[in-house]
$ cat my_file.cif   # mmCIF, C-alpha atoms and all ligand atoms
data_work
loop_
_atom_site.label_atom_id
_atom_site.label_comp_id
_atom_site.auth_asym_id
_atom_site.auth_seq_id
_atom_site.Cartn_x
_atom_site.Cartn_y
_atom_site.Cartn_z
CA MET A 1 -13.57 -44.00 -21.06
CA ILE A 2 -10.17 -43.58 -19.46
CA ILE A 3 -7.96 -46.64 -19.66
CA ARG A 4 -4.80 -46.89 -17.61
CA LEU A 5 -2.48 -49.29 -19.36
CA ASN A 6 -0.20 -51.71 -17.56
CA LYS A 7 3.17 -50.21 -16.60
CA ASN A 8 5.04 -52.51 -19.01
CA ILE A 9 3.23 -51.14 -22.09
CA ASP A 10 5.69 -49.00 -24.04
CA GLU A 11 5.05 -45.83 -25.99
CA SER A 12 4.69 -47.42 -29.41
CA LYS A 13 2.18 -49.99 -28.15
CA ALA A 14 0.28 -47.26 -26.27
CA ASN A 15 0.14 -45.16 -29.43
CA ALA A 16 -1.05 -48.13 -31.50
CA LEU A 17 -3.83 -48.87 -29.01
CA GLY A 18 -4.64 -45.17 -28.85
CA LYS A 19 -5.06 -45.07 -32.62
CA GLU A 20 -7.25 -48.14 -32.61
CA LEU A 21 -9.50 -46.68 -29.92
CA GLN A 22 -9.47 -43.09 -31.29
CA SER A 23 -7.95 -41.91 -28.05
CA PHE A 24 -5.71 -39.26 -26.62
CA VAL A 25 -2.58 -40.90 -25.25
CA LEU A 26 -1.11 -39.34 -22.13
CA LYS A 27 1.55 -40.38 -19.66
CA LYS A 28 0.73 -40.20 -15.98
CA ASN A 29 2.75 -41.54 -13.03
CA GLY A 30 4.86 -43.74 -15.28
CA SER A 31 2.00 -45.42 -17.19
CA PHE A 32 0.21 -44.47 -20.35
CA ILE A 33 -3.46 -43.62 -20.23
CA LEU A 34 -5.90 -43.57 -23.11
CA VAL A 35 -8.79 -41.15 -23.12
CA THR A 36 -11.34 -42.58 -25.51
CA PRO A 37 -14.65 -41.12 -26.67
CA ASN A 38 -17.14 -41.54 -23.82
CA LYS A 39 -19.27 -43.84 -26.00
CA LEU A 40 -16.88 -46.67 -25.15
CA LYS A 41 -18.26 -48.27 -22.01
CA GLU A 42 -16.37 -51.56 -21.83
CA VAL A 43 -12.84 -52.81 -22.46
CA GLU A 44 -12.93 -55.38 -25.25
CA GLU A 45 -11.75 -58.90 -24.45
CA LYS A 46 -8.75 -58.59 -26.80
CA HIS A 47 -7.45 -55.53 -24.92
CA LYS A 48 -8.00 -56.73 -21.37
CA SER A 49 -4.44 -57.99 -20.85
CA PHE A 50 -3.06 -54.48 -21.51
CA VAL A 51 -5.35 -52.73 -19.05
CA ALA A 52 -4.57 -51.98 -15.42
CA GLU A 53 -7.69 -49.96 -14.68
CA SER A 54 -10.59 -48.31 -16.50
CA PHE A 55 -13.07 -45.53 -15.75
CA VAL A 56 -16.45 -45.17 -17.46
CA PHE A 57 -18.16 -41.81 -17.97
CA ASN A 58 -21.65 -40.70 -18.96
CA ASP A 59 -20.43 -37.63 -20.80
CA ASP A 60 -17.27 -35.88 -21.97
CA ILE A 61 -16.18 -34.73 -18.56
CA GLN A 62 -13.50 -37.37 -18.11
CA LEU A 63 -10.02 -36.18 -17.10
CA ALA A 64 -11.59 -33.40 -15.00
CA SER A 65 -13.99 -35.78 -13.29
CA LYS A 66 -13.82 -36.84 -9.64
CA LYS A 67 -14.58 -40.35 -10.93
CA PHE A 68 -11.05 -40.33 -12.39
CA ILE A 69 -9.17 -38.41 -9.71
CA PRO A 70 -11.27 -38.39 -6.53
CA HIS A 71 -9.69 -35.27 -5.00
CA ILE A 72 -8.79 -31.76 -6.13
CA ARG A 73 -5.57 -31.81 -8.16
CA GLU A 74 -2.54 -30.20 -6.66
CA ILE A 75 -1.23 -27.39 -8.83
CA LYS A 76 2.19 -25.93 -8.24
CA ILE A 77 2.57 -22.33 -9.36
CA SER A 78 6.00 -21.92 -7.76
CA ASP A 79 7.92 -23.65 -4.96
CA GLU A 80 6.04 -21.46 -2.51
CA ILE A 81 2.61 -21.36 -4.13
CA VAL A 82 0.73 -24.62 -4.30
CA ILE A 83 -3.05 -24.98 -4.41
CA GLY A 84 -5.39 -27.97 -4.31
CA GLY A 85 -4.27 -31.40 -3.17
CA LYS A 86 -3.97 -31.59 0.59
CA THR A 87 -2.92 -27.96 0.98
CA ASN A 88 -6.15 -26.20 2.06
CA ASN A 89 -4.64 -23.09 0.50
CA THR A 90 -6.57 -20.13 -0.87
CA VAL A 91 -4.28 -18.03 -3.02
CA VAL A 92 -5.07 -14.34 -3.29
CA ILE A 93 -4.31 -12.69 -6.61
CA THR A 94 -4.59 -8.97 -7.14
CA GLY A 95 -3.61 -6.16 -9.45
CA PRO A 96 -5.22 -3.88 -11.99
CA CYS A 97 -7.42 -4.90 -14.88
CA SER A 98 -4.75 -3.70 -17.35
CA VAL A 99 -1.11 -2.73 -17.25
CA GLU A 100 -1.27 1.01 -18.03
CA SER A 101 2.19 2.36 -17.19
CA GLU A 102 5.30 1.43 -15.27
CA ALA A 103 4.34 3.68 -12.36
CA GLN A 104 0.86 2.15 -12.11
CA ILE A 105 1.98 -1.48 -12.21
CA GLU A 106 4.85 -0.78 -9.83
CA GLN A 107 2.43 0.65 -7.26
CA ALA A 108 0.32 -2.51 -7.60
CA ALA A 109 3.43 -4.68 -7.15
CA GLN A 110 4.38 -2.69 -4.04
CA LEU A 111 0.91 -3.24 -2.60
CA CYS A 112 1.31 -7.00 -3.11
CA LYS A 113 4.71 -6.95 -1.47
CA LYS A 114 3.46 -4.91 1.50
CA LEU A 115 0.54 -7.24 2.20
CA GLY A 116 2.25 -10.52 1.36
CA VAL A 117 0.15 -11.20 -1.75
CA LYS A 118 2.29 -13.42 -3.99
CA ILE A 119 0.61 -13.18 -7.38
CA LEU A 120 0.20 -9.98 -9.38
CA ARG A 121 -2.44 -9.89 -12.09
CA ALA A 122 -2.85 -7.48 -15.03
CA GLY A 123 -3.86 -7.78 -18.64
CA ALA A 124 -1.47 -6.71 -21.41
CA PHE A 125 -3.73 -7.90 -24.24
CA LYS A 126 -7.27 -6.81 -23.39
CA PRO A 127 -10.33 -8.44 -24.97
CA ARG A 128 -12.52 -5.33 -25.06
CA THR A 129 -16.16 -5.17 -26.13
CA SER A 130 -15.46 -2.07 -28.22
CA PRO A 131 -12.57 -1.45 -30.63
CA TYR A 132 -12.56 2.24 -29.57
CA THR A 133 -11.41 1.53 -26.01
CA PHE A 134 -7.95 0.78 -24.60
CA GLN A 135 -6.77 -2.56 -26.00
CA GLY A 136 -3.79 -3.03 -23.69
CA MET A 137 -0.06 -2.34 -23.93
CA GLY A 138 0.74 -5.67 -25.59
CA VAL A 139 4.26 -7.06 -25.26
CA ASP A 140 5.45 -3.79 -23.65
CA GLY A 141 2.95 -4.48 -20.88
CA LEU A 142 4.24 -8.03 -20.48
CA LYS A 143 7.79 -6.69 -20.18
CA LEU A 144 6.69 -4.35 -17.40
CA LEU A 145 5.06 -7.29 -15.60
CA ASP A 146 8.26 -9.26 -16.00
CA LYS A 147 10.22 -6.37 -14.49
CA MET A 148 7.91 -6.39 -11.44
CA ARG A 149 8.21 -10.17 -11.25
CA HIS A 150 11.97 -9.88 -10.83
CA LYS A 151 12.11 -6.70 -8.79
CA TYR A 152 9.51 -7.78 -6.22
CA GLY A 153 9.70 -11.60 -6.43
CA LEU A 154 6.08 -11.94 -7.48
CA GLN A 155 4.39 -14.45 -9.75
CA ILE A 156 2.50 -13.05 -12.70
CA ILE A 157 -0.83 -13.91 -14.26
CA SER A 158 -1.83 -12.33 -17.55
CA GLU A 159 -4.42 -13.00 -20.19
CA VAL A 160 -3.99 -14.41 -23.67
CA ARG A 161 -6.48 -12.73 -26.00
CA ASP A 162 -5.80 -14.65 -29.20
CA SER A 163 -3.54 -17.38 -30.46
CA THR A 164 -1.07 -14.94 -32.13
CA HIS A 165 0.62 -14.07 -28.83
CA VAL A 166 0.27 -17.25 -26.76
CA GLN A 167 4.04 -17.72 -26.88
CA ASP A 168 4.64 -14.19 -25.56
CA ILE A 169 2.36 -14.83 -22.60
CA ILE A 170 3.95 -18.22 -21.97
CA GLN A 171 7.36 -16.56 -21.95
CA TYR A 172 6.48 -13.89 -19.40
CA ALA A 173 3.62 -15.17 -17.22
CA ASP A 174 3.63 -17.82 -14.50
CA ILE A 175 -0.09 -18.46 -14.97
CA ILE A 176 -1.82 -18.01 -18.31
CA GLN A 177 -5.32 -16.63 -18.11
CA ILE A 178 -7.86 -17.59 -20.75
CA GLY A 179 -10.59 -14.98 -20.51
CA ALA A 180 -14.34 -15.46 -20.51
CA LYS A 181 -14.60 -14.24 -24.09
CA SER A 182 -11.96 -16.75 -25.25
CA MET A 183 -13.17 -19.83 -23.42
CA TYR A 184 -14.28 -21.45 -26.69
CA ASP A 185 -11.19 -20.44 -28.70
CA HIS A 186 -9.66 -23.74 -29.73
CA GLY A 187 -6.49 -22.09 -31.06
CA ILE A 188 -5.86 -20.80 -27.54
CA LEU A 189 -7.01 -23.96 -25.75
CA ASN A 190 -4.80 -26.17 -27.91
CA ALA A 191 -1.78 -23.88 -27.57
CA CYS A 192 -2.23 -23.85 -23.78
CA ALA A 193 -2.44 -27.65 -23.83
CA LYS A 194 1.11 -27.77 -25.18
CA THR A 195 2.73 -25.93 -22.26
CA LYS A 196 3.08 -27.20 -18.71
CA LYS A 197 2.34 -23.78 -17.20
CA PRO A 198 -0.78 -23.45 -15.05
CA ILE A 199 -3.79 -22.21 -16.99
CA LEU A 200 -6.57 -20.18 -15.38
CA LEU A 201 -9.61 -20.91 -17.52
CA LYS A 202 -12.42 -18.42 -17.00
CA ARG A 203 -16.00 -19.48 -17.54
CA GLY A 204 -17.65 -17.86 -20.54
CA PHE A 205 -20.52 -15.71 -19.31
CA GLY A 206 -23.02 -17.58 -21.48
CA THR A 207 -21.78 -21.10 -20.97
CA THR A 208 -23.12 -24.00 -18.99
CA LEU A 209 -20.99 -25.82 -16.46
CA GLN A 210 -20.81 -28.76 -18.86
CA GLU A 211 -19.42 -26.56 -21.66
CA PHE A 212 -17.03 -24.89 -19.23
CA VAL A 213 -15.51 -28.15 -18.03
CA GLN A 214 -15.42 -29.52 -21.57
CA ALA A 215 -13.27 -26.53 -22.54
CA ALA A 216 -10.92 -27.57 -19.72
CA GLU A 217 -10.88 -31.10 -21.18
CA PHE A 218 -9.28 -29.68 -24.37
CA ILE A 219 -6.31 -28.51 -22.33
CA LEU A 220 -6.13 -31.64 -20.18
CA SER A 221 -6.44 -34.09 -23.09
CA GLY A 222 -3.78 -32.14 -24.99
CA GLY A 223 -1.30 -32.89 -22.22
CA ASN A 224 -1.39 -30.01 -19.73
CA GLU A 225 -2.59 -31.23 -16.34
CA ASN A 226 -2.42 -27.81 -14.70
CA VAL A 227 -5.86 -26.36 -15.23
CA ILE A 228 -7.54 -24.08 -12.71
CA LEU A 229 -11.17 -23.06 -13.25
CA CYS A 230 -12.39 -19.54 -12.60
CA GLU A 231 -16.01 -18.57 -12.00
CA ARG A 232 -16.37 -14.86 -12.85
CA GLY A 233 -20.12 -14.41 -13.20
CA ILE A 234 -22.62 -15.41 -15.85
CA ARG A 235 -25.17 -13.34 -17.71
CA THR A 236 -28.68 -13.56 -16.32
CA PHE A 237 -31.82 -11.41 -16.73
CA GLU A 238 -30.47 -9.09 -14.02
CA THR A 239 -29.11 -5.75 -15.19
CA LYS A 240 -28.33 -3.96 -11.91
CA THR A 241 -25.12 -5.91 -11.52
CA ARG A 242 -22.69 -6.61 -14.37
CA PHE A 243 -23.02 -10.42 -14.11
CA THR A 244 -24.30 -12.93 -11.55
CA LEU A 245 -21.68 -14.89 -9.60
CA ASP A 246 -22.76 -18.51 -9.87
CA LEU A 247 -21.87 -19.91 -6.46
CA CYS A 248 -24.27 -22.83 -7.01
CA GLY A 249 -22.15 -23.65 -10.03
CA VAL A 250 -19.05 -23.50 -7.86
CA ALA A 251 -20.60 -26.02 -5.45
CA TRP A 252 -21.24 -28.27 -8.46
CA LEU A 253 -17.66 -27.91 -9.72
CA LYS A 254 -16.27 -28.72 -6.28
CA GLU A 255 -18.44 -31.83 -6.02
CA HIS A 256 -17.93 -33.22 -9.51
CA THR A 257 -14.56 -32.06 -10.81
CA ASN A 258 -10.97 -32.49 -9.66
CA LEU A 259 -9.86 -29.00 -10.76
CA PRO A 260 -9.12 -26.19 -8.30
CA VAL A 261 -11.55 -23.27 -8.47
CA ILE A 262 -10.65 -19.60 -8.18
CA LEU A 263 -13.40 -17.04 -7.77
CA ASP A 264 -13.45 -13.59 -9.34
CA PRO A 265 -15.97 -11.36 -7.56
CA SER A 266 -14.72 -8.18 -9.31
CA HIS A 267 -15.87 -9.04 -12.83
CA ALA A 268 -19.02 -10.68 -11.46
CA ILE A 269 -20.58 -7.69 -9.74
CA GLY A 270 -18.77 -5.03 -11.77
CA TYR A 271 -18.98 -2.41 -9.00
CA ALA A 272 -16.39 -1.83 -6.28
CA TYR A 273 -19.04 -1.27 -3.58
CA GLY A 274 -20.02 -4.95 -3.65
CA VAL A 275 -16.61 -6.56 -4.09
CA PRO A 276 -15.61 -6.82 -0.38
CA ASP A 277 -18.85 -8.51 0.74
CA LEU A 278 -18.85 -10.83 -2.23
CA THR A 279 -15.19 -11.76 -1.70
CA ARG A 280 -15.89 -12.63 1.93
CA ALA A 281 -18.81 -14.82 0.81
CA CYS A 282 -16.46 -16.57 -1.65
CA MET A 283 -13.88 -17.08 1.07
CA ALA A 284 -16.50 -18.50 3.42
CA MET A 285 -17.62 -20.93 0.74
CA GLY A 286 -14.10 -22.35 0.51
CA CYS A 287 -12.21 -21.93 -2.72
CA ASP A 288 -8.69 -22.41 -3.97
CA GLY A 289 -8.17 -18.78 -4.82
CA LEU A 290 -9.57 -15.29 -5.16
CA LEU A 291 -8.87 -12.84 -7.96
CA ILE A 292 -9.60 -9.22 -7.13
CA GLU A 293 -8.94 -6.15 -9.25
CA THR A 294 -7.18 -3.23 -7.59
CA HIS A 295 -5.89 0.05 -8.98
CA PRO A 296 -3.93 2.93 -7.42
CA ASN A 297 -6.64 5.30 -8.66
CA PRO A 298 -9.67 3.36 -9.96
CA ALA A 299 -11.42 6.51 -11.21
CA VAL A 300 -8.84 6.93 -13.98
CA ALA A 301 -8.40 3.23 -14.85
CA LYS A 302 -8.32 2.55 -18.59
CA SER A 303 -10.50 -0.57 -18.25
CA ASP A 304 -12.99 -1.85 -15.66
CA ALA A 305 -12.79 1.41 -13.68
CA SER A 306 -16.04 0.88 -11.78
CA GLN A 307 -15.09 -2.44 -10.21
CA GLN A 308 -11.49 -1.94 -9.10
CA LEU A 309 -10.76 -1.42 -5.41
CA ASN A 310 -8.36 1.26 -4.28
CA PHE A 311 -5.46 0.11 -2.14
CA GLU A 312 -7.05 1.04 1.16
CA GLN A 313 -10.23 -0.85 0.30
CA PHE A 314 -8.22 -3.88 -0.75
CA SER A 315 -6.00 -3.78 2.35
CA ASN A 316 -9.07 -3.72 4.60
CA LEU A 317 -10.68 -6.54 2.64
CA TYR A 318 -7.50 -8.63 2.77
CA GLU A 319 -7.34 -8.26 6.55
CA SER A 320 -11.01 -9.20 6.93
CA LEU A 321 -10.50 -12.47 5.05
CA LYS A 322 -8.11 -13.85 7.65
CA PRO A 323 -10.63 -14.78 10.39
CA ILE A 324 -12.97 -16.27 7.77
CA ALA A 325 -10.16 -18.43 6.41
CA LYS A 326 -9.31 -19.54 9.92
CA ALA A 327 -12.93 -20.44 10.69
CA ILE A 328 -13.15 -22.79 7.70
CA GLY A 329 -9.65 -24.26 7.99
CA LYS A 330 -8.13 -22.50 4.97
CA ASN A 331 -4.69 -20.89 4.72
CA ILE A 332 -4.46 -17.64 2.81
CA ILE A 333 -1.30 -17.64 0.76
C1 LIG B 1 -10.00 -9.65 -16.75
O1 LIG B 1 -9.62 -10.52 -15.94
O2 LIG B 1 -9.60 -8.47 -16.74
C2 LIG B 1 -11.02 -10.03 -17.74
C3 LIG B 1 -11.11 -9.46 -18.93
O3 LIG B 1 -11.85 -10.98 -17.27
P1 LIG B 1 -13.05 -11.79 -17.98
O4 LIG B 1 -12.42 -12.60 -19.08
O5 LIG B 1 -13.58 -12.63 -16.86
O6 LIG B 1 -14.05 -10.78 -18.48
MN MN B 2 -10.91 -6.58 -15.87
#
$ encode --input "my_file.cif" --output "structure tokens"
Amino acid sequence: MIIRLNKNIDESKANALGKELQSFVLKKNGSFILVTPNKLKEVEEKHKSFVAESFVFNDDIQLASKKFIPHIREIKISDEIVIGGKTNNTVVITGPCSVESEAQIEQAAQLCKKLGVKILRAGAFKPRTSPYTFQGMGVDGLKLLDKMRHKYGLQIISEVRDSTHVQDIIQYADIIQIGAKSMYDHGILNACAKTKKPILLKRGFGTTLQEFVQAAEFILSGGNENVILCERGIRTFETKTRFTLDLCGVAWLKEHTNLPVILDPSHAIGYAYGVPDLTRACMAMGCDGLLIETHPNPAVAKSDASQQLNFEQFSNLYESLKPIAKAIGKNII
């Protein structure tokens, strides 16, 4: 249950009530709210005078539920970049899978600048399936991203692979990405709950929608309201494509949760040939953002080589999204 306390309830009273009801205590729009276990279905008589409003849930999707906030939350990434709320914005994010060198990331930043893409992506800490492959440039990679951020006025999104470097990512990135392989990592989820920076939470490829949104609840209940979900494909029986992009799941998220949704067609299909069509399908469906991997020379990329678009392919794709956005009343930012 979520209980919004009366405005005159102070912090110490809110904390005492929170303790009594085994709740998270958060502050929202000037009042305290308690997020109790969902088993609680009714406000007890003795507490009624403290309560302004209450919301009952059938399961542990509470703060992320449309029953609590009936619209998509507005998330501000910078003064210029806002998604959700009343904006109708679809933010395009692009860049390579990994930062590999200054020259490579600078070319990606220049592509963003040329097209008007405002957010540059690239991993510095890579969660690879094999220990014998490129693991990322680490903090040196983050520093290169930071250089591009200042030189080209871009926002940066980069992935946190484990809880040992969350603070480094928080220091350098404007959006913190929690990857599919880390979606269940409570060290990461809890550390991300303690910052106010926007978090892009990717769906684990073997997780249900319920588990996915519950992972988001860890961040929300820990005090960070800025959670963006990312569907990036789930594992099915199909082997011809890398994963299967769950657009049905996206429809469910849009209907039932108040969190913006960004779609990642690149990791879903895993092959560049399919990325443009899939991205256009995502755009047509209406989403709050698109994340597409691009590389100056995909053939030599140190990770995810098969799925990255070259700059010409991406430029053509970007252009082709504009009439689709217009047709469904979205603004590409
Ligand atoms: C990535 O964005 O490069 C990445 C590793 O994504 P995912 O966590 O979705 O596999
Ligand atoms: Mn990748």
$ residues_near_ligand --input "my_file.cif" --ligand "ligand MN 2 (chain B)" --cutoff "8 Å" --atoms "only C-alpha atoms and all ligand atoms" --output "NGL selection string"
:A and (96-98 or 123 or 266-267 or 293 or 303-304)
$ closest_residue --input "my_file.cif" --among "A:Thr244, A:Asn15, A:Asn224, A:Thr279" --to "ligand LIG 1 (chain B)" --atoms "all atoms listed in the file"
A:Thr244
$ residues_around --input "my_file.cif" --residues "range 198-213 of chain A" --least-positions-apart "2" --cutoff "6 Å" --atoms "all atoms listed in the file" --output "short mmCIF file (atom, residue, chain, number, x, y, z; two decimals) with C-alpha atoms, in the frame of the given file"
data_model
loop_
_atom_site.label_atom_id
_atom_site.label_comp_id
_atom_site.auth_asym_id
_atom_site.auth_seq_id
_atom_site.Cartn_x
_atom_site.Cartn_y
_atom_site.Cartn_z
CA ILE A 175 -0.09 -18.46 -14.97
CA ILE A 176 -1.82 -18.01 -18.31
CA GLN A 177 -5.32 -16.63 -18.11
CA ILE A 178 -7.86 -17.59 -20.75
CA GLY A 179 -10.59 -14.98 -20.51
CA ALA A 180 -14.34 -15.46 -20.51
CA LYS A 181 -14.60 -14.24 -24.09
CA MET A 183 -13.17 -19.83 -23.42
CA ALA A 215 -13.27 -26.53 -22.54
CA ALA A 216 -10.92 -27.57 -19.72
CA ASN A 226 -2.42 -27.81 -14.70
CA VAL A 227 -5.86 -26.36 -15.23
CA ILE A 228 -7.54 -24.08 -12.71
CA LEU A 229 -11.17 -23.06 -13.25
CA CYS A 230 -12.39 -19.54 -12.60
CA GLU A 231 -16.01 -18.57 -12.00
CA ILE A 234 -22.62 -15.41 -15.85
CA ARG A 235 -25.17 -13.34 -17.71
#
$ closest_residue --input "my_file.cif" --among "A:Glu217, A:Asp264, A:Val250, A:Gly85" --to "His186 in chain A" --atoms "all atoms listed in the file"
A:Glu217
$ closest_residue --input "my_file.cif" --among "A:Gln308, A:Gln313, A:Gln214, A:Thr294" --to "Gln107 in chain A" --atoms "only C-alpha atoms"
A:Thr294
$ atom_distance --input "my_file.cif" --atom1 "CA of Leu63 in chain A" --atom2 "CA of Ala14 in chain A"
17.7 Å
$ residues_around --input "my_file.cif" --residues "range 69-74 of chain A" --least-positions-apart "5" --cutoff "8 Å" --atoms "only C-alpha atoms" --output "list in words"
Leu63, Ala64, Val82, Ile83, Gly84, Gly85, Lys86, Thr87, Thr257, Asn258, Leu259 and Pro260 of chain A
$ closest_residue --input "my_file.cif" --among "A:Arg242, A:Lys48, A:Arg4, A:Lys76" --to "ligand LIG 1 (chain B)" --atoms "only C-alpha atoms and all ligand atoms"
A:Arg242
$ closest_residue --input "my_file.cif" --among "A:Gly136, A:Gly223, A:Gly249, A:Gly153" --to "Lys113 in chain A" --atoms "only C-alpha atoms"
A:Gly153
